[in-house]
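S.K.: Sharing a structure here in structure tokens format.
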Amino acid sequence: MAQYTGVAVSPGRVIGTIRSMAPPVAEPPAGEKLPAGADAAAEAERIPVAAAAVQASLIRLAERAAGDGKKILEATAQMAADPSLTQTAQGLVTSGGKSPARAVWEAGDQVAVMLEGLGGYMAERATDVRDVRARIVAELRGEQAPGIPEVEEPFVLTAIDLAPADTATLDPGRVLALVTSDGGPQSHTAILARQLGLPAIVAAKDIHQFADGTEVFVDAGFGTVTDEVTEEHLLLAEAWTELQKHPLTYEGGGGVLKDGTRVQLLANIGGAEDAERAAAANADGVGLFRTEFLFLDREDEPSVKEQTKAYLETFAHLKGKKVVVRTIDAGADKPLPFLTDADEPNPALGVRAYRTSWEKRSVLTNQLDAIAAAAAQSEATPWVMAPMIATVEETEDFIALCRERGLAPAGIMVETPAAALTADRHLEACDFASIGTNDLTQYTMAADRQLGSLAHLNTPWQPSVLALVKATCDGARAAGGDPESFGESANKPVGVCGEAAGAPGLAVVLVGLGVNSLSMTPRSLPTVAKVLSTVTLEQARELAATALAARTADEAISAVRAGLPILGELGL
């Protein structure tokens, strides 16, 4: 009997047979050269042809995907035809005499190493480059591209990690659960698994100790996998299957606690398509509109007119609803050639988000002009907030820019311990705050949220992170002049828009700490609403106090789970 543990990222309890991802494409030998007498120019020309074929294949995959999966596949398809990869590889053939396969391998490595040096999001794209590289090499050799096993019966998929092209096309009808030995809670794999509702565990280091064909019980609520399948496990898996046949629903109107206390349940979106899905899921509005998707993968800043049109298309799905718009969060894991410095030694701690306006003011003011123009033509209710705020002077500056354009309410994101600890002063200068638990956790724990090796640190259950959430809520109450204000009546409301908001047990703790609204992927709305309905505000506060007093994150999780039996009943 063996049991291995990782980081739970999407709940569920299933029994199934393990099938591992096929071995990666083998690296061409380091000394692999062109055959004697081969035409180097003709061999070099095979590389863009193979890259185009890979690009076409990825585009076909994108056409079958949706949402973020579609966007990721489209971006990966563009990477397949990136001239920085193909032209470098061609040069290694014509001037170095290397075989096309070896040349592509080395060129891909060069690009991937460069991206890893940038850190954050760009470091994660290194995985995409190596995936594209492997696909081109497979095409050159006439081999099958790497991908998910093609077997008839449903299975538990194990892998080191999944490339976006694989994750985006996962079929929940065939894949019962996903377990990876690498990756973190904010990786593409984790995010897309949550969107699919697929039980998933990441950073389970020893999962490959299980051989293909091993029957296992996966508890993706606890993050465990065991090959000792008991009668209790069978009952738990059957109960989970029955729950999926009769899924919970959310009719809107907020999460209503047992005593009638109401908490807004909002959605995180990245554009008009996401807004449409949020509205269909009856979200009470939007707690995070990630506007940087308008800016990524382009050389020039979008015009005010172009931005206004995009915002209007998004707002059109949210008539009469609150839409919290985050201004551009560029830098760190989202560098932009027209705005950020790619040579920063530590971009996560560099000039990012609001800080980019210090030197390039017009990018922020143009965006605010576009939001104001869209707000004037829309029936939605935009709230505007700036990311990565650390000082009160920054808050005052941003709010002044919003006031000049008639944008209200205007607020800030609390993602740094500095902002959390001085929240009373920030909230005196602005109308609301939204806590980004992903960044707040990484900065509190000094742990890059993209690194699977640090996944155990990067959990918002850390008592230190919970203490900063409470400090933010306490500061907001002090600034609002009413320590008992809560819910929509709060004078200075505090929301949470990080991944923590969509974890039902943690949602109860956040409400107990004083959070007024929770924003999440629309799929999480029904379960969060259900779990909130089982506690009173006083009970939520008691559970929050217990988690806050815990010695460790694991002890906090265990204590809250013990106080919320509904989590076990729902397989969460």
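Here, A, B, ... name the chains of the structure tokens in the order displayed, residue numbers run from 1 inside each chain, and ligands are numbered from 1 in the same displayed order.
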Counting only C-alpha atoms, what is within 9 Å of Leu532 in chain A, bar same-chain residues fewer than 5 positions away, as a list in words?
M.R.: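 Answer for this query is Gly255, Val256, Leu257, Lys258, Val263, Pro504, Gly505, Ala507, Val508, Val511, Thr527 and Ala540 of chain A.
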S.K.: Next, write the just-selected residues to a file, as a PDB file, in the first residue's frame, keeping N, CA and C atoms as the atom set.
M.R.:
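So again-v4.pdb came out as:
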ATOM      1  N   GLY A 255     -24.413  35.032  -1.676  1.00  0.00           N
ATOM      2  CA  GLY A 255     -24.344  33.893  -0.782  1.00  0.00           C
ATOM      3  C   GLY A 255     -25.040  34.267   0.513  1.00  0.00           C
ATOM      4  N   VAL A 256     -26.096  33.542   0.864  1.00  0.00           N
ATOM      5  CA  VAL A 256     -26.901  33.884   2.045  1.00  0.00           C
ATOM      6  C   VAL A 256     -26.540  32.937   3.182  1.00  0.00           C
ATOM      7  N   LEU A 257     -25.996  33.492   4.256  1.00  0.00           N
ATOM      8  CA  LEU A 257     -25.629  32.695   5.416  1.00  0.00           C
ATOM      9  C   LEU A 257     -26.874  32.238   6.158  1.00  0.00           C
ATOM     10  N   LYS A 258     -26.679  31.338   7.085  1.00  0.00           N
ATOM     11  CA  LYS A 258     -27.793  30.723   7.810  1.00  0.00           C
ATOM     12  C   LYS A 258     -28.634  31.751   8.558  1.00  0.00           C
ATOM     13  N   VAL A 263     -23.608  37.847   1.271  1.00  0.00           N
ATOM     14  CA  VAL A 263     -22.267  38.133   0.754  1.00  0.00           C
ATOM     15  C   VAL A 263     -22.324  38.098  -0.767  1.00  0.00           C
ATOM     16  N   PRO A 504     -14.452  26.717  -1.121  1.00  0.00           N
ATOM     17  CA  PRO A 504     -15.590  26.894  -0.219  1.00  0.00           C
ATOM     18  C   PRO A 504     -15.241  27.020   1.260  1.00  0.00           C
ATOM     19  N   GLY A 505     -14.346  26.157   1.769  1.00  0.00           N
ATOM     20  CA  GLY A 505     -13.980  26.254   3.179  1.00  0.00           C
ATOM     21  C   GLY A 505     -13.268  27.553   3.491  1.00  0.00           C
ATOM     22  N   ALA A 507     -13.602  30.277   1.791  1.00  0.00           N
ATOM     23  CA  ALA A 507     -14.573  31.356   1.628  1.00  0.00           C
ATOM     24  C   ALA A 507     -15.262  31.670   2.956  1.00  0.00           C
ATOM     25  N   VAL A 508     -15.598  30.628   3.702  1.00  0.00           N
ATOM     26  CA  VAL A 508     -16.212  30.835   5.025  1.00  0.00           C
ATOM     27  C   VAL A 508     -15.261  31.593   5.943  1.00  0.00           C
ATOM     28  N   VAL A 511     -15.052  35.308   4.938  1.00  0.00           N
ATOM     29  CA  VAL A 511     -16.222  36.045   5.413  1.00  0.00           C
ATOM     30  C   VAL A 511     -16.109  36.294   6.919  1.00  0.00           C
ATOM     31  N   THR A 527     -21.037  25.858  -5.279  1.00  0.00           N
ATOM     32  CA  THR A 527     -20.523  25.198  -4.078  1.00  0.00           C
ATOM     33  C   THR A 527     -20.187  26.212  -2.984  1.00  0.00           C
ATOM     34  N   ALA A 540     -18.959  31.656  11.252  1.00  0.00           N
ATOM     35  CA  ALA A 540     -17.865  31.955  10.319  1.00  0.00           C
ATOM     36  C   ALA A 540     -16.737  32.680  11.038  1.00  0.00           C
TER      37      ALA A 540
END
S.K.: Would you pick out the contacts of range 92-101 of chain A at 6 Å or less, using only C-alpha atoms, so that residues sharing its chain but fewer than 6 positions from it are not included, and give the list as a VMD selection string?
M.R.: chain A and resid 32 to 34 40 44 137
S.K.: Compare A:Ala556, A:Ala410, A:Ala177, A:Ala220 by their minimum atom-to-atom distance to Leu427 in chain A, counting only C-alpha atoms, and give me the closest one.
M.R.: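 The answer is A:Ala410, which sits nearest to Leu427 in chain A.
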S.K.: Compile the contact shell of Val156 in chain A as a short mmCIF file (atom, residue, chain, number, x, y, z; two decimals) with C-alpha atoms, in the first residue's frame: residues with an atom at most 9 Å away, counting only C-alpha atoms, same-chain residues fewer than 4 positions apart removed.
M.R.:
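Written output follows (selection-v8.cif):
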data_model
loop_
_atom_site.label_atom_id
_atom_site.label_comp_id
_atom_site.auth_asym_id
_atom_site.auth_seq_id
_atom_site.Cartn_x
_atom_site.Cartn_y
_atom_site.Cartn_z
CA VAL A 14 -12.70 9.10 -7.97
CA ILE A 15 -11.42 5.55 -8.43
CA GLY A 16 -9.64 4.77 -11.66
CA THR A 17 -6.71 3.19 -13.42
CA ILE A 18 -3.55 5.24 -13.89
CA ARG A 19 -2.43 6.06 -17.41
CA SER A 20 0.72 8.12 -17.74
CA ARG A 174 -12.36 10.21 -20.46
CA VAL A 175 -10.05 11.70 -17.84
CA LEU A 176 -11.43 11.02 -14.36
CA ALA A 177 -8.73 12.99 -12.54
CA LEU A 178 -5.39 14.64 -13.19
CA VAL A 179 -2.30 14.26 -10.99
CA GLU A 215 -6.00 1.19 -9.62
CA VAL A 216 -6.03 4.19 -7.25
CA VAL A 218 -7.89 10.01 -5.78
#
S.K.: Sorted by chain and rising residue number, list the residues of range 184-256 of chain A at most 12 Å from range 71-76 of chain A (counting only C-alpha atoms), each with its closest atom pair and distance in Å to one decimal, as a tab-separated table.
M.R.:
residue	atom	partner	partner_atom	distance
A:His188	CA	A:Ile72	CA	8.7
A:Thr189	CA	A:Ile72	CA	11.1
A:Ile191	CA	A:Ile72	CA	11.6
A:Leu192	CA	A:Ile72	CA	10.2
S.K.: Tell me which of A:Ala429, A:Ala8, A:Ala190, A:Leu421 sits closest to Phe398 in chain A, counting only C-alpha atoms.
M.R.: A:Ala429
S.K.: Pick out the residues sitting within 10 Å of range 377-384 of chain A, and hand them over as a ChimeraX atom specification; count only C-alpha atoms, and ignore anything fewer than 6 positions along from it in its own chain.
M.R.: /A:285-289,308,311-327,368,371,398-399,402,407-412,431-432
S.K.: For Phe222 in chain A, which of A:Ala65, A:Val7, A:Ala203, A:Ala455 is the closest residue, counting only C-alpha atoms?
M.R.: A:Val7
S.K.: Measure the distance from CA of Gly223 in chain A to CA of Leu198 in chain A in Å and round it to one decimal.
M.R.: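 Taking CA of Gly223 in chain A as the start and CA of Leu198 in chain A as the end point, the length is 13.2 Å.
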S.K.: Kindly indicate which residue among A:Glu538, A:Glu393, A:Asp82, A:Glu152 lies nearest to Val132 in chain A, using only C-alpha atoms for the distances.
M.R.: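 For Val132 in chain A, the nearest of the candidates is A:Asp82.
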S.K.: Gln3 in chain A: which residues within 7 Å, counting only C-alpha atoms, same-chain residues fewer than 6 positions away excluded, as a list in words?
M.R.: Thr224, Val225, Thr226 and Asp227 of chain A
S.K.: Would you mind writing down, as JSON, numbers by chain, each residue of range 227-474 of chain A that DSSP on the backbone assigns to helix (DSSP H, G or I)?
M.R.: {"A": [231, 232, 233, 234, 235, 236, 237, 238, 239, 240, 241, 242, 243, 244, 245, 272, 273, 274, 275, 276, 277, 278, 279, 280, 291, 292, 293, 294, 304, 305, 306, 307, 308, 309, 310, 311, 312, 313, 314, 315, 347, 348, 349, 353, 354, 355, 356, 357, 358, 361, 362, 363, 364, 365, 366, 367, 368, 369, 370, 371, 372, 373, 374, 375, 376, 392, 393, 394, 395, 396, 397, 398, 399, 400, 401, 402, 403, 404, 417, 418, 419, 420, 421, 423, 424, 425, 426, 427, 428, 429, 437, 438, 439, 440, 441, 442, 443, 444, 445, 452, 453, 454, 463, 464, 465, 466, 467, 468, 469, 470, 471, 472, 473, 474]}
S.K.: Would you export the selected residues with C-alpha atoms as an mmCIF file, in the first residue's frame, please?
M.R.:
data_model
loop_
_atom_site.group_PDB
_atom_site.id
_atom_site.type_symbol
_atom_site.label_atom_id
_atom_site.label_comp_id
_atom_site.auth_asym_id
_atom_site.auth_seq_id
_atom_site.Cartn_x
_atom_site.Cartn_y
_atom_site.Cartn_z
ATOM 1 C CA GLU A 231 -14.976 -0.079 0.790
ATOM 2 C CA GLU A 232 -15.064 3.425 2.282
ATOM 3 C CA HIS A 233 -13.294 4.762 -0.780
ATOM 4 C CA LEU A 234 -15.842 3.060 -3.032
ATOM 5 C CA LEU A 235 -18.679 4.733 -1.125
ATOM 6 C CA LEU A 236 -16.977 8.129 -1.293
ATOM 7 C CA ALA A 237 -16.394 7.815 -5.034
ATOM 8 C CA GLU A 238 -19.995 6.709 -5.604
ATOM 9 C CA ALA A 239 -21.261 9.656 -3.579
ATOM 10 C CA TRP A 240 -19.152 12.044 -5.672
ATOM 11 C CA THR A 241 -20.500 10.495 -8.898
ATOM 12 C CA GLU A 242 -24.081 10.950 -7.672
ATOM 13 C CA LEU A 243 -23.372 14.591 -6.829
ATOM 14 C CA GLN A 244 -22.189 15.178 -10.398
ATOM 15 C CA LYS A 245 -25.477 13.819 -11.727
ATOM 16 C CA ALA A 272 -16.658 39.676 -23.274
ATOM 17 C CA GLU A 273 -16.848 35.870 -23.654
ATOM 18 C CA ASP A 274 -16.107 35.384 -19.975
ATOM 19 C CA ALA A 275 -18.647 38.082 -19.084
ATOM 20 C CA GLU A 276 -21.318 36.214 -21.013
ATOM 21 C CA ARG A 277 -20.514 33.009 -19.108
ATOM 22 C CA ALA A 278 -20.561 34.890 -15.797
ATOM 23 C CA ALA A 279 -23.994 36.289 -16.560
ATOM 24 C CA ALA A 280 -25.258 32.839 -17.553
ATOM 25 C CA THR A 291 -7.993 44.141 -18.726
ATOM 26 C CA GLU A 292 -4.397 43.210 -19.594
ATOM 27 C CA PHE A 293 -5.648 40.613 -22.074
ATOM 28 C CA LEU A 294 -6.208 43.612 -24.365
ATOM 29 C CA VAL A 304 -8.518 54.552 -26.466
ATOM 30 C CA LYS A 305 -11.138 53.815 -29.135
ATOM 31 C CA GLU A 306 -10.171 50.140 -29.320
ATOM 32 C CA GLN A 307 -10.196 49.789 -25.540
ATOM 33 C CA THR A 308 -13.547 51.556 -25.220
ATOM 34 C CA LYS A 309 -15.095 49.148 -27.723
ATOM 35 C CA ALA A 310 -13.739 46.108 -25.829
ATOM 36 C CA TYR A 311 -15.015 47.394 -22.488
ATOM 37 C CA LEU A 312 -18.449 48.135 -23.956
ATOM 38 C CA GLU A 313 -18.672 44.610 -25.378
ATOM 39 C CA THR A 314 -17.909 43.228 -21.924
ATOM 40 C CA PHE A 315 -20.243 45.579 -20.025
ATOM 41 C CA PRO A 347 10.636 41.528 -12.273
ATOM 42 C CA ALA A 348 8.198 40.242 -9.623
ATOM 43 C CA LEU A 349 9.637 42.941 -7.348
ATOM 44 C CA ALA A 353 1.189 47.199 -12.556
ATOM 45 C CA TYR A 354 0.454 50.724 -11.229
ATOM 46 C CA ARG A 355 4.201 51.406 -10.976
ATOM 47 C CA THR A 356 4.517 51.500 -14.771
ATOM 48 C CA SER A 357 2.625 54.817 -14.662
ATOM 49 C CA TRP A 358 5.550 56.503 -12.912
ATOM 50 C CA ARG A 361 1.734 57.980 -17.482
ATOM 51 C CA SER A 362 -0.258 58.016 -20.695
ATOM 52 C CA VAL A 363 -0.835 54.231 -20.793
ATOM 53 C CA LEU A 364 -2.769 54.422 -17.513
ATOM 54 C CA THR A 365 -4.562 57.700 -18.274
ATOM 55 C CA ASN A 366 -5.571 56.440 -21.733
ATOM 56 C CA GLN A 367 -7.017 53.333 -20.142
ATOM 57 C CA LEU A 368 -8.948 55.362 -17.580
ATOM 58 C CA ASP A 369 -10.265 57.574 -20.392
ATOM 59 C CA ALA A 370 -11.480 54.460 -22.210
ATOM 60 C CA ILE A 371 -13.143 53.028 -19.093
ATOM 61 C CA ALA A 372 -14.872 56.379 -18.443
ATOM 62 C CA ALA A 373 -16.084 56.550 -22.051
ATOM 63 C CA ALA A 374 -17.458 52.999 -21.866
ATOM 64 C CA ALA A 375 -19.071 53.670 -18.486
ATOM 65 C CA ALA A 376 -20.913 56.670 -19.932
ATOM 66 C CA VAL A 392 -0.732 55.789 0.503
ATOM 67 C CA GLU A 393 0.754 58.300 -1.952
ATOM 68 C CA GLU A 394 0.136 55.787 -4.747
ATOM 69 C CA THR A 395 -3.463 55.322 -3.656
ATOM 70 C CA GLU A 396 -4.042 59.088 -3.513
ATOM 71 C CA ASP A 397 -2.522 59.555 -6.963
ATOM 72 C CA PHE A 398 -4.639 56.843 -8.568
ATOM 73 C CA ILE A 399 -7.856 58.018 -6.933
ATOM 74 C CA ALA A 400 -7.180 61.589 -8.100
ATOM 75 C CA LEU A 401 -6.893 60.337 -11.697
ATOM 76 C CA CYS A 402 -10.208 58.496 -11.328
ATOM 77 C CA ARG A 403 -11.965 61.480 -9.765
ATOM 78 C CA GLU A 404 -10.837 63.711 -12.648
ATOM 79 C CA PRO A 417 1.873 43.245 3.079
ATOM 80 C CA ALA A 418 2.579 47.004 3.104
ATOM 81 C CA ALA A 419 -0.925 47.820 1.866
ATOM 82 C CA ALA A 420 -2.562 45.299 4.198
ATOM 83 C CA LEU A 421 -0.825 46.608 7.305
ATOM 84 C CA ALA A 423 -5.182 49.542 5.089
ATOM 85 C CA ASP A 424 -6.856 52.127 7.350
ATOM 86 C CA ARG A 425 -4.850 54.916 5.728
ATOM 87 C CA HIS A 426 -5.369 53.598 2.209
ATOM 88 C CA LEU A 427 -9.122 53.225 2.729
ATOM 89 C CA GLU A 428 -9.389 56.788 3.998
ATOM 90 C CA ALA A 429 -8.229 57.838 0.538
ATOM 91 C CA THR A 437 -4.616 36.465 -2.473
ATOM 92 C CA ASN A 438 -2.339 34.991 -5.153
ATOM 93 C CA ASP A 439 0.155 37.856 -5.026
ATOM 94 C CA LEU A 440 -0.421 38.619 -1.346
ATOM 95 C CA THR A 441 0.562 35.020 -0.549
ATOM 96 C CA GLN A 442 3.649 35.018 -2.764
ATOM 97 C CA TYR A 443 4.920 38.301 -1.300
ATOM 98 C CA THR A 444 4.153 37.307 2.278
ATOM 99 C CA MET A 445 5.853 33.924 1.947
ATOM 100 C CA GLY A 452 5.846 23.768 -8.024
ATOM 101 C CA SER A 453 8.690 23.235 -5.551
ATOM 102 C CA LEU A 454 7.248 26.081 -3.437
ATOM 103 C CA PRO A 463 -1.868 31.935 9.146
ATOM 104 C CA SER A 464 0.345 34.900 8.247
ATOM 105 C CA VAL A 465 -1.675 35.506 5.054
ATOM 106 C CA LEU A 466 -4.962 35.206 6.955
ATOM 107 C CA ALA A 467 -3.637 37.735 9.468
ATOM 108 C CA LEU A 468 -3.037 40.206 6.639
ATOM 109 C CA VAL A 469 -6.561 39.650 5.300
ATOM 110 C CA LYS A 470 -7.920 40.451 8.763
ATOM 111 C CA ALA A 471 -5.680 43.517 9.026
ATOM 112 C CA THR A 472 -7.113 44.769 5.720
ATOM 113 C CA CYS A 473 -10.718 44.244 6.848
ATOM 114 C CA ASP A 474 -10.060 45.839 10.245
#
